[in-house]
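Data block for target-v8.pdb (PDB, C-alpha atoms):
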```pdb
ATOM      1  CA  MET A 955       0.000   0.000   0.000
ATOM      2  CA  GLU A 956       1.123   3.542  -0.749
ATOM      3  CA  VAL A 957       1.325   6.036   2.145
ATOM      4  CA  LEU A 958       1.641   9.814   2.060
ATOM      5  CA  ILE A 959       3.122  11.345   5.229
ATOM      6  CA  ALA A 960       2.337  15.068   5.461
ATOM      7  CA  GLY A 961       4.967  16.788   7.591
ATOM      8  CA  GLY A 962       7.142  13.751   7.028
ATOM      9  CA  ALA A 963      10.589  15.380   7.027
ATOM     10  CA  GLY A 964      10.726  15.978  10.796
ATOM     11  CA  ASP A 965      11.899  13.598  13.508
ATOM     12  CA  VAL A 966       8.598  11.712  13.830
ATOM     13  CA  GLY A 967       8.003  11.627  10.081
ATOM     14  CA  GLY A 968      11.525  10.465   9.309
ATOM     15  CA  TYR A 969      11.287   7.616  11.797
ATOM     16  CA  LEU A 970       7.810   6.659  10.562
ATOM     17  CA  SER A 971       9.007   6.671   6.933
ATOM     18  CA  ARG A 972      11.795   4.206   7.706
ATOM     19  CA  TYR A 973       9.468   2.073   9.814
ATOM     20  CA  LEU A 974       6.841   1.759   7.073
ATOM     21  CA  LEU A 975       9.376   1.236   4.284
ATOM     22  CA  ASP A 976      10.941  -1.610   6.281
ATOM     23  CA  ARG A 977       7.503  -3.239   6.459
ATOM     24  CA  GLY A 978       6.780  -3.146   2.767
ATOM     25  CA  PHE A 979       4.786   0.067   2.433
ATOM     26  CA  GLY A 980       5.453   2.557  -0.323
ATOM     27  CA  VAL A 981       6.050   6.005   1.171
ATOM     28  CA  LYS A 982       5.713   9.542  -0.185
ATOM     29  CA  VAL A 983       6.538  12.607   1.908
ATOM     30  CA  TYR A 984       5.081  16.124   1.731
ATOM     31  CA  ASP A 985       6.869  18.825   3.703
ATOM     32  CA  LEU A 986       7.965  22.471   3.726
ATOM     33  CA  LYS A 987      11.623  21.434   3.985
ATOM     34  CA  ASP A 988      13.713  21.316   0.817
ATOM     35  CA  LYS A 989      14.468  17.625   1.251
ATOM     36  CA  MET A 990      14.597  14.721   3.682
ATOM     37  CA  PRO A 991      17.812  13.962   5.557
ATOM     38  CA  GLU A 992      19.644  11.415   3.408
ATOM     39  CA  ALA A 993      19.372   8.641   5.990
ATOM     40  CA  TRP A 994      15.578   9.000   6.024
ATOM     41  CA  GLY A 995      14.893   9.772   2.366
ATOM     42  CA  LYS A 996      16.176   6.592   0.729
ATOM     43  CA  ASN A 997      13.659   4.549  -1.290
ATOM     44  CA  LEU A 998      10.800   7.055  -1.079
ATOM     45  CA  SER A 999       8.197   6.867  -3.836
ATOM     46  CA  GLY A1000       8.211  10.656  -4.003
ATOM     47  CA  TYR A1001       9.044  13.857  -2.159
ATOM     48  CA  PHE A1002       6.825  16.919  -2.468
ATOM     49  CA  ARG A1003       8.091  20.223  -1.160
ATOM     50  CA  GLY A1004       5.402  22.770  -0.461
ATOM     51  CA  ASP A1005       2.640  24.096   1.748
ATOM     52  CA  LEU A1006      -0.520  22.054   2.224
ATOM     53  CA  VAL A1007      -2.583  25.148   1.389
ATOM     54  CA  ASP A1008      -1.578  24.470  -2.250
ATOM     55  CA  ARG A1009      -4.578  22.342  -3.228
ATOM     56  CA  LYS A1010      -3.203  21.518  -6.684
ATOM     57  CA  LYS A1011       0.071  20.216  -5.261
ATOM     58  CA  VAL A1012      -1.792  18.202  -2.608
ATOM     59  CA  GLU A1013      -3.818  16.534  -5.378
ATOM     60  CA  GLU A1014      -0.612  15.718  -7.240
ATOM     61  CA  ALA A1015       0.922  14.160  -4.116
ATOM     62  CA  LEU A1016      -2.157  12.064  -3.296
ATOM     63  CA  LYS A1017      -2.397  10.338  -6.675
ATOM     64  CA  ASP A1018      -2.348   6.546  -6.202
ATOM     65  CA  VAL A1019      -2.140   6.914  -2.390
ATOM     66  CA  ASP A1020      -4.018   4.456  -0.161
ATOM     67  CA  ILE A1021      -3.238   5.968   3.262
ATOM     68  CA  VAL A1022      -2.679   9.548   4.411
ATOM     69  CA  ILE A1023      -0.910  10.277   7.712
ATOM     70  CA  ASN A1024      -1.032  13.944   8.694
ATOM     71  CA  LEU A1025       1.767  14.967  11.066
ATOM     72  CA  ALA A1026       1.970  18.526   9.722
ATOM     73  CA  TRP A1027       1.495  21.482  12.078
ATOM     74  CA  SER A1028       3.154  24.875  12.422
ATOM     75  CA  PHE A1029       3.084  24.977  16.265
ATOM     76  CA  ALA A1030       2.472  28.703  15.907
ATOM     77  CA  GLU A1031       0.499  30.644  18.503
ATOM     78  CA  ASP A1032      -0.802  33.098  15.914
ATOM     79  CA  PRO A1033      -4.492  32.281  15.258
ATOM     80  CA  TYR A1034      -4.196  33.400  11.631
ATOM     81  CA  ILE A1035      -1.413  30.884  10.988
ATOM     82  CA  ILE A1036      -3.315  28.136  12.817
ATOM     83  CA  PHE A1037      -6.590  28.622  10.956
ATOM     84  CA  GLU A1038      -5.408  30.002   7.596
ATOM     85  CA  ARG A1039      -2.508  27.578   7.148
ATOM     86  CA  ASP A1040      -2.724  24.569   9.482
ATOM     87  CA  ILE A1041      -6.480  24.049   9.296
ATOM     88  CA  LYS A1042      -6.745  24.970   5.609
ATOM     89  CA  GLY A1043      -3.944  22.536   4.786
ATOM     90  CA  HIS A1044      -5.651  19.853   6.851
ATOM     91  CA  LEU A1045      -8.915  20.494   4.989
ATOM     92  CA  ASN A1046      -7.110  20.176   1.659
ATOM     93  CA  LEU A1047      -5.826  16.760   2.695
ATOM     94  CA  LEU A1048      -9.280  15.635   3.838
ATOM     95  CA  GLU A1049     -11.057  16.936   0.709
ATOM     96  CA  THR A1050      -8.488  15.480  -1.655
ATOM     97  CA  ALA A1051      -8.463  12.157   0.188
ATOM     98  CA  CYS A1052     -12.221  11.902  -0.357
ATOM     99  CA  LYS A1053     -11.969  12.985  -3.993
ATOM    100  CA  LEU A1054      -9.269  10.429  -4.839
ATOM    101  CA  GLY A1055     -10.671   7.519  -2.812
ATOM    102  CA  VAL A1056      -8.014   7.262  -0.104
ATOM    103  CA  LYS A1057      -8.714   4.195   2.037
ATOM    104  CA  ARG A1058      -7.450   5.419   5.443
ATOM    105  CA  PHE A1059      -6.616   8.773   7.057
ATOM    106  CA  VAL A1060      -4.591   9.065  10.284
ATOM    107  CA  TYR A1061      -4.277  12.304  12.209
ATOM    108  CA  THR A1062      -1.742  12.829  15.000
ATOM    109  CA  SER A1063      -3.189  15.184  17.591
ATOM    110  CA  THR A1064      -2.022  16.055  21.098
ATOM    111  CA  ALA A1065      -2.865  15.523  24.763
ATOM    112  CA  THR A1066      -3.073  19.322  24.954
ATOM    113  CA  VAL A1067      -6.694  19.071  23.758
ATOM    114  CA  TYR A1068      -7.586  17.781  27.246
ATOM    115  CA  GLY A1069      -6.638  21.238  28.516
ATOM    116  CA  ARG A1070      -5.972  20.393  32.145
ATOM    117  CA  ALA A1071      -5.836  16.907  33.631
ATOM    118  CA  VAL A1072      -8.660  16.755  36.204
ATOM    119  CA  THR A1073      -9.021  12.960  36.446
ATOM    120  CA  HIS A1074      -6.304  10.306  36.481
ATOM    121  CA  PRO A1075      -5.259   8.459  34.499
ATOM    122  CA  VAL A1076      -6.241  10.606  31.517
ATOM    123  CA  SER A1077      -8.365   8.481  29.183
ATOM    124  CA  GLU A1078     -10.061   9.384  25.916
ATOM    125  CA  ASP A1079     -13.326  10.278  27.660
ATOM    126  CA  HIS A1080     -11.612  12.985  29.728
ATOM    127  CA  PRO A1081     -13.292  16.360  29.006
ATOM    128  CA  CYS A1082     -11.506  18.620  26.523
ATOM    129  CA  LEU A1083     -11.080  21.800  28.562
ATOM    130  CA  LEU A1084      -9.591  23.832  25.740
ATOM    131  CA  GLU A1085      -9.782  27.206  27.485
ATOM    132  CA  GLU A1086      -7.720  25.831  30.382
ATOM    133  CA  ALA A1087      -4.915  24.490  28.195
ATOM    134  CA  ARG A1088      -1.413  25.890  28.608
ATOM    135  CA  LYS A1089      -1.639  26.947  24.940
ATOM    136  CA  PRO A1090      -5.378  27.385  24.320
ATOM    137  CA  LEU A1091      -5.109  28.453  20.665
ATOM    138  CA  TYR A1092      -2.905  25.456  19.883
ATOM    139  CA  ALA A1093      -5.389  23.189  21.684
ATOM    140  CA  LEU A1094      -8.324  24.728  19.823
ATOM    141  CA  GLY A1095      -6.611  24.302  16.468
ATOM    142  CA  LYS A1096      -5.772  20.638  17.065
ATOM    143  CA  PHE A1097      -9.256  19.927  18.444
ATOM    144  CA  THR A1098     -10.792  21.574  15.381
ATOM    145  CA  ALA A1099      -8.656  19.344  13.170
ATOM    146  CA  GLU A1100      -9.869  16.295  15.112
ATOM    147  CA  LYS A1101     -13.510  17.275  14.711
ATOM    148  CA  LEU A1102     -13.041  17.851  10.987
ATOM    149  CA  CYS A1103     -11.634  14.315  10.676
ATOM    150  CA  LEU A1104     -14.625  12.813  12.437
ATOM    151  CA  MET A1105     -17.043  14.921  10.383
ATOM    152  CA  TYR A1106     -15.428  13.749   7.130
ATOM    153  CA  GLN A1107     -15.871  10.156   8.215
ATOM    154  CA  ARG A1108     -19.499  10.703   9.160
ATOM    155  CA  GLU A1109     -20.484  12.857   6.168
ATOM    156  CA  ARG A1110     -18.138  11.646   3.421
ATOM    157  CA  GLY A1111     -17.272   8.103   4.457
ATOM    158  CA  LEU A1112     -13.507   8.705   4.879
ATOM    159  CA  PRO A1113     -12.156   6.208   7.467
ATOM    160  CA  VAL A1114     -10.165   8.272   9.983
ATOM    161  CA  THR A1115      -8.214   7.481  13.144
ATOM    162  CA  ILE A1116      -6.907  10.077  15.608
ATOM    163  CA  PHE A1117      -3.988   9.641  17.990
ATOM    164  CA  ARG A1118      -3.320  11.804  21.030
ATOM    165  CA  PHE A1119       0.070  11.745  22.743
ATOM    166  CA  TRP A1120       2.022  13.899  25.177
ATOM    167  CA  TRP A1121       5.682  13.770  24.129
ATOM    168  CA  ALA A1122       7.484  11.564  21.601
ATOM    169  CA  PHE A1123      11.187  10.751  21.539
ATOM    170  CA  GLY A1124      13.554   8.797  19.326
ATOM    171  CA  ASP A1125      17.312   9.137  18.986
ATOM    172  CA  THR A1126      16.988  12.544  20.614
ATOM    173  CA  ILE A1127      14.304  14.595  22.323
ATOM    174  CA  GLY A1128      13.392  18.262  22.122
ATOM    175  CA  GLY A1129      11.283  20.695  24.093
ATOM    176  CA  ARG A1130      11.855  24.158  25.522
ATOM    177  CA  HIS A1131      11.305  23.218  29.173
ATOM    178  CA  LEU A1132      13.645  20.239  28.913
ATOM    179  CA  ARG A1133      16.343  22.358  27.304
ATOM    180  CA  ASN A1134      15.928  25.013  29.995
ATOM    181  CA  LEU A1135      16.523  22.367  32.662
ATOM    182  CA  ILE A1136      19.662  21.258  30.848
ATOM    183  CA  HIS A1137      20.930  24.851  30.724
ATOM    184  CA  THR A1138      20.269  25.184  34.459
ATOM    185  CA  ALA A1139      22.212  22.003  35.191
ATOM    186  CA  LEU A1140      25.121  23.107  33.010
ATOM    187  CA  GLU A1141      25.255  26.285  35.111
ATOM    188  CA  ASN A1142      25.313  24.126  38.296
ATOM    189  CA  LYS A1143      22.193  25.838  39.583
ATOM    190  CA  PRO A1144      19.483  23.981  41.579
ATOM    191  CA  LEU A1145      16.815  22.147  39.603
ATOM    192  CA  GLU A1146      13.390  22.781  41.097
ATOM    193  CA  MET A1147      10.747  20.073  40.719
ATOM    194  CA  VAL A1148       7.239  19.279  41.947
ATOM    195  CA  PRO A1149       7.065  15.753  43.420
ATOM    196  CA  GLY A1150       4.989  13.437  41.229
ATOM    197  CA  ALA A1151       4.629  15.864  38.306
ATOM    198  CA  GLY A1152       5.511  14.425  34.910
ATOM    199  CA  GLY A1153       3.984  12.749  31.907
ATOM    200  CA  THR A1154       3.592   9.791  29.608
ATOM    201  CA  PHE A1155       6.264   9.692  26.931
ATOM    202  CA  VAL A1156       5.927   7.618  23.775
ATOM    203  CA  THR A1157       8.818   6.135  21.843
ATOM    204  CA  MET A1158       8.920   6.706  18.089
ATOM    205  CA  LEU A1159       8.824   2.930  17.765
ATOM    206  CA  ASP A1160       5.579   2.646  19.717
ATOM    207  CA  LEU A1161       3.935   5.569  17.921
ATOM    208  CA  ALA A1162       4.822   4.027  14.556
ATOM    209  CA  GLU A1163       3.500   0.637  15.674
ATOM    210  CA  ALA A1164       0.228   2.205  16.847
ATOM    211  CA  ILE A1165      -0.217   3.881  13.463
ATOM    212  CA  ARG A1166       0.497   0.608  11.668
ATOM    213  CA  LEU A1167      -2.107  -1.186  13.775
ATOM    214  CA  ALA A1168      -4.659   1.507  12.952
ATOM    215  CA  VAL A1169      -4.173   1.489   9.181
ATOM    216  CA  GLU A1170      -4.362  -2.309   9.067
ATOM    217  CA  ASN A1171      -7.436  -2.658  11.321
ATOM    218  CA  PRO A1172     -10.877  -1.535  10.047
ATOM    219  CA  ALA A1173     -12.096  -1.305  13.669
ATOM    220  CA  ALA A1174      -9.862   1.755  14.167
ATOM    221  CA  ALA A1175     -11.985   3.881  11.812
ATOM    222  CA  GLY A1176     -13.770   6.709  13.621
ATOM    223  CA  GLN A1177     -11.796   6.216  16.828
ATOM    224  CA  VAL A1178      -9.654   8.466  19.027
ATOM    225  CA  TYR A1179      -6.787   6.757  20.850
ATOM    226  CA  ASN A1180      -4.245   7.838  23.439
ATOM    227  CA  VAL A1181      -0.827   6.318  22.877
ATOM    228  CA  GLY A1182       2.095   6.140  25.285
ATOM    229  CA  SER A1183       5.032   4.039  26.430
ATOM    230  CA  LEU A1184       6.106   5.006  29.953
ATOM    231  CA  PHE A1185       5.483   7.612  32.637
ATOM    232  CA  LEU A1186       8.427   9.606  33.970
ATOM    233  CA  THR A1187       8.409  12.275  36.657
ATOM    234  CA  TRP A1188      10.328  15.514  36.306
ATOM    235  CA  GLU A1189      12.227  14.490  39.420
ATOM    236  CA  GLU A1190      13.467  11.371  37.602
ATOM    237  CA  ILE A1191      14.351  13.389  34.514
ATOM    238  CA  GLY A1192      16.153  15.988  36.610
ATOM    239  CA  ALA A1193      18.272  13.291  38.233
ATOM    240  CA  MET A1194      19.160  11.930  34.778
ATOM    241  CA  ILE A1195      20.170  15.405  33.585
ATOM    242  CA  ILE A1196      22.426  15.952  36.612
ATOM    243  CA  ASP A1197      24.070  12.570  36.084
ATOM    244  CA  LEU A1198      24.545  12.970  32.324
ATOM    245  CA  THR A1199      25.924  16.513  32.565
ATOM    246  CA  GLY A1200      28.142  15.818  35.573
ATOM    247  CA  SER A1201      26.501  18.830  37.168
ATOM    248  CA  ASN A1202      26.817  19.924  40.793
ATOM    249  CA  SER A1203      23.149  20.952  40.753
ATOM    250  CA  THR A1204      20.831  19.788  43.502
ATOM    251  CA  LEU A1205      17.211  18.693  43.130
ATOM    252  CA  ASN A1206      14.926  20.947  45.144
ATOM    253  CA  LEU A1207      11.434  19.516  45.610
ATOM    254  CA  ILE A1208       8.681  22.098  45.987
ATOM    255  CA  PRO A1209       5.074  21.207  46.925
ATOM    256  CA  SER A1210       2.575  21.767  44.132
ATOM    257  CA  ALA A1211       0.676  24.464  46.060
ATOM    258  CA  ARG A1212       3.868  26.520  46.469
ATOM    259  CA  TRP A1213       5.117  26.129  42.902
ATOM    260  CA  ARG A1214       5.751  29.408  41.071
ATOM    261  CA  GLY A1215       7.579  28.048  38.019
ATOM    262  CA  PRO A1216       6.178  27.038  34.615
ATOM    263  CA  THR A1217       2.739  25.404  34.865
ATOM    264  CA  PHE A1218       3.953  22.634  32.555
ATOM    265  CA  LEU A1219       6.306  21.390  35.282
ATOM    266  CA  ASN A1220       3.466  21.215  37.806
ATOM    267  CA  GLU A1221       1.165  18.917  35.836
ATOM    268  CA  VAL A1222       0.561  15.171  35.775
ATOM    269  CA  TRP A1223      -0.129  13.813  32.283
ATOM    270  CA  ASP A1224      -0.582  10.114  32.936
ATOM    271  CA  LEU A1225      -2.241   9.099  29.670
ATOM    272  CA  SER A1226      -4.015   5.746  29.598
ATOM    273  CA  TRP A1227      -3.648   3.668  26.439
ATOM    274  CA  ASP A1228      -5.996   0.912  27.664
ATOM    275  CA  LYS A1229      -8.461   1.555  24.822
ATOM    276  CA  LEU A1230      -5.740   1.153  22.193
ATOM    277  CA  ALA A1231      -4.553  -2.051  23.849
ATOM    278  CA  ARG A1232      -8.074  -3.444  24.151
ATOM    279  CA  GLU A1233      -9.304  -2.644  20.634
ATOM    280  CA  LEU A1234      -6.154  -2.951  18.488
ATOM    281  CA  GLY A1235      -3.861  -5.114  20.608
ATOM    282  CA  TYR A1236      -1.322  -2.345  21.150
ATOM    283  CA  ARG A1237       1.489  -2.801  23.640
ATOM    284  CA  PRO A1238       4.862  -1.069  24.060
ATOM    285  CA  GLN A1239       7.429  -2.902  21.969
ATOM    286  CA  VAL A1240      10.137  -3.106  24.642
ATOM    287  CA  LYS A1241      10.203  -3.513  28.421
ATOM    288  CA  ILE A1242      10.383  -0.520  30.774
ATOM    289  CA  PRO A1243      14.130  -0.871  31.587
ATOM    290  CA  GLU A1244      14.951  -0.750  27.874
ATOM    291  CA  MET A1245      12.602   2.203  27.357
ATOM    292  CA  ARG A1246      14.331   4.066  30.162
ATOM    293  CA  ALA A1247      17.680   3.324  28.514
ATOM    294  CA  MET A1248      16.285   4.658  25.204
ATOM    295  CA  PHE A1249      15.104   7.825  26.961
ATOM    296  CA  THR A1250      18.502   8.272  28.618
ATOM    297  CA  LYS A1251      20.203   7.995  25.212
ATOM    298  CA  ALA A1252      17.787  10.564  23.714
ATOM    299  CA  LEU A1253      18.405  12.895  26.646
ATOM    300  CA  LYS A1254      22.181  12.470  26.297
ATOM    301  CA  ASN A1255      21.946  13.480  22.623
ATOM    302  CA  CYS A1256      19.773  16.479  23.531
ATOM    303  CA  ILE A1257      22.389  17.579  26.090
ATOM    304  CA  ALA A1258      25.098  17.305  23.424
ATOM    305  CA  GLN A1259      23.037  19.550  21.128
ATOM    306  CA  VAL A1260      22.536  22.124  23.885
ATOM    307  CA  LYS A1261      26.269  22.145  24.634
ATOM    308  CA  THR A1262      27.052  22.676  20.945
ATOM    309  CA  GLU A1263      24.667  25.621  20.801
ATOM    310  CA  GLU A1264      26.371  27.147  23.840
ATOM    311  CA  LYS A1265      29.828  27.078  22.257
ATOM    312  CA  PRO A1266      30.975  30.460  20.895
ATOM    313  CA  SER A1267      30.980  30.665  17.107
TER     314      SER A1267
END
```
Starting from the file, lay out its structure as structure tokens.
Amino acid sequence: MEVLIAGGAGDVGGYLSRYLLDRGFGVKVYDLKDKMPEAWGKNLSGYFRGDLVDRKKVEEALKDVDIVINLAWSFAEDPYIIFERDIKGHLNLLETACKLGVKRFVYTSTATVYGRAVTHPVSEDHPCLLEEARKPLYALGKFTAEKLCLMYQRERGLPVTIFRFWWAFGDTIGGRHLRNLIHTALENKPLEMVPGAGGTFVTMLDLAEAIRLAVENPAAAGQVYNVGSLFLTWEEIGAMIIDLTGSNSTLNLIPSARWRGPTFLNEVWDLSWDKLARELGYRPQVKIPEMRAMFTKALKNCIAQVKTEEKPS
């Protein structure tokens, strides 16, 4: 089967491309970047550089495609970019998929649509408190994209599956708050943490496997699934950072009620993937000790990147 990955030249898309190619899928990529990194771009059926708002180019890319996976998003906080580019591009994919008879459509959303975790663990029936999200416009945009997917299934018969996840990692891991903690450790300053706060990370391997299960299982059509691999607290991550950087920083634990730092570091995002396991047979591909080792490696590579950025030019 032929797959188009929109936004496929980033970390998640590159990993997913390799994963699907290794399992016999044909893969095309559509992205704003000039080209794929060489290690990821081998054996692609096609590479389309452009913006998804270009309906004609989207139609060209979707010719002879069986499955569309939309990873594309600007991550902007400007509502005009979100709704004039991200949502319009998403609509172009949905419309063209219907027009050309695409068999499956997968959309990768975010746990941010839940807004604020008020029940634990966070399952798919948790309310979507968009106005209470850390980035409400981002949450609204992604939730709108989800609802459009479900509407296109209901009204146009396009089989769609939506995945929500908190934070994915592969060979490395990004994120502003994580990088700020690394900078603090490199300066040998105390790392402040809220006991128990943290979230459910997903490995690139597990995210790719979940997507594969969805496109190969008709029961996934019309469903929203959380996906995750392991829960880590910020206290655990802080200890890893101190160890990997050789820092003299200390871990200072501050009760949640007294926390005055970023809200993100005072939240518990314990996503449940029970529904995905029950309906599609999903399970993390490796045991927790190996996942922790994978996370440590990703964190080590992130630290190396931060150190490189700090070096004078």
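With all atoms listed in the file as the atoms that count, the residue of A:Thr1262, A:Thr1066, A:Thr1073, A:Thr1126 with the shortest distance to Phe1218 in chain A is A:Thr1066.
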List every protein, DNA or RNA residue that has at least one atom no more than 9 Å from (-8.8, 1.6, 26.8) in the file's coordinates, counting only C-alpha atoms, and write the result as a CSV table (one decimal) with C-alpha atoms, in the frame of the given file.
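Once written, selection.csv looks like this:
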```csv
chain,number,residue,atom,x,y,z
A,1077,SER,CA,-8.4,8.5,29.2
A,1078,GLU,CA,-10.1,9.4,25.9
A,1179,TYR,CA,-6.8,6.8,20.8
A,1180,ASN,CA,-4.2,7.8,23.4
A,1226,SER,CA,-4.0,5.7,29.6
A,1227,TRP,CA,-3.6,3.7,26.4
A,1228,ASP,CA,-6.0,0.9,27.7
A,1229,LYS,CA,-8.5,1.6,24.8
A,1230,LEU,CA,-5.7,1.2,22.2
A,1231,ALA,CA,-4.6,-2.1,23.8
A,1232,ARG,CA,-8.1,-3.4,24.2
A,1233,GLU,CA,-9.3,-2.6,20.6
```
Problem set entry | Expected selection from the PyMOL selection byres ((chain A and resi 1016) around 8), given as a list in words | Leu958, Val1012, Glu1013, Glu1014, Ala1015, Lys1017, Asp1018, Val1019, Thr1050, Ala1051 and Leu1054 of chain A
Suppose we keep C-alpha atoms; can you now write the selection as a compact mmCIF listing (two decimals), keeping the file's coordinate frame?
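Listed below is the output, result37.txt:
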```txt
# COMPACT_ATOMS: atom_id res chain seq x y z
CA LEU A 958 1.64 9.81 2.06
CA VAL A 1012 -1.79 18.20 -2.61
CA GLU A 1013 -3.82 16.53 -5.38
CA GLU A 1014 -0.61 15.72 -7.24
CA ALA A 1015 0.92 14.16 -4.12
CA LYS A 1017 -2.40 10.34 -6.68
CA ASP A 1018 -2.35 6.55 -6.20
CA VAL A 1019 -2.14 6.91 -2.39
CA THR A 1050 -8.49 15.48 -1.66
CA ALA A 1051 -8.46 12.16 0.19
CA LEU A 1054 -9.27 10.43 -4.84
```
Exercise. Which residues, written as a list in words, have at least one atom at most 7 Å from range 1182-1194 of chain A, with all atoms listed in the file counted and residues fewer than 6 positions away on the same chain left out?
Worked result: Phe1119, Leu1145, Met1147, Pro1149, Gly1150, Ala1151, Gly1152, Gly1153, Thr1154, Phe1155, Val1156, Thr1157, Asp1160, Asp1224, Leu1225, Trp1227 and Pro1238 of chain A
For this session: Write out as a list of chain:residue names the residues lying within 12 Å of Phe1002 in chain A, counting all atoms listed in the file and excluding same-chain residues fewer than 6 positions away.
Result: A:Leu958, A:Ile959, A:Ala960, A:Gly961, A:Gly962, A:Ala963, A:Val981, A:Lys982, A:Val983, A:Tyr984, A:Asp985, A:Leu986, A:Lys987, A:Asp988, A:Lys989, A:Met990, A:Gly995, A:Asp1008, A:Lys1010, A:Lys1011, A:Val1012, A:Glu1013, A:Glu1014, A:Ala1015, A:Leu1016
Problem set entry | Residues in the PyMOL selection byres ((chain A and resi 1144) around 7), expressed as a ChimeraX atom specification | /A:1142-1143,1145-1146,1203-1206
Problem set entry | Distance query 9 Å from (4.7, -3.1, 22.1) using only C-alpha atoms, result as a PyMOL selection string | chain A and resi 1159-1160+1163-1164+1183+1235-1241
Take the residues just selected and output them with C-alpha atoms as a PDB file, keeping the file's coordinate frame.
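Done, and the output landed in selection-v1.pdb:
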```pdb
ATOM      1  CA  LEU A1159       8.824   2.930  17.765  1.00  0.00           C
ATOM      2  CA  ASP A1160       5.579   2.646  19.717  1.00  0.00           C
ATOM      3  CA  GLU A1163       3.500   0.637  15.674  1.00  0.00           C
ATOM      4  CA  ALA A1164       0.228   2.205  16.847  1.00  0.00           C
ATOM      5  CA  SER A1183       5.032   4.039  26.430  1.00  0.00           C
ATOM      6  CA  GLY A1235      -3.861  -5.114  20.608  1.00  0.00           C
ATOM      7  CA  TYR A1236      -1.322  -2.345  21.150  1.00  0.00           C
ATOM      8  CA  ARG A1237       1.489  -2.801  23.640  1.00  0.00           C
ATOM      9  CA  PRO A1238       4.862  -1.069  24.060  1.00  0.00           C
ATOM     10  CA  GLN A1239       7.429  -2.902  21.969  1.00  0.00           C
ATOM     11  CA  VAL A1240      10.137  -3.106  24.642  1.00  0.00           C
ATOM     12  CA  LYS A1241      10.203  -3.513  28.421  1.00  0.00           C
TER      13      LYS A1241
END
```
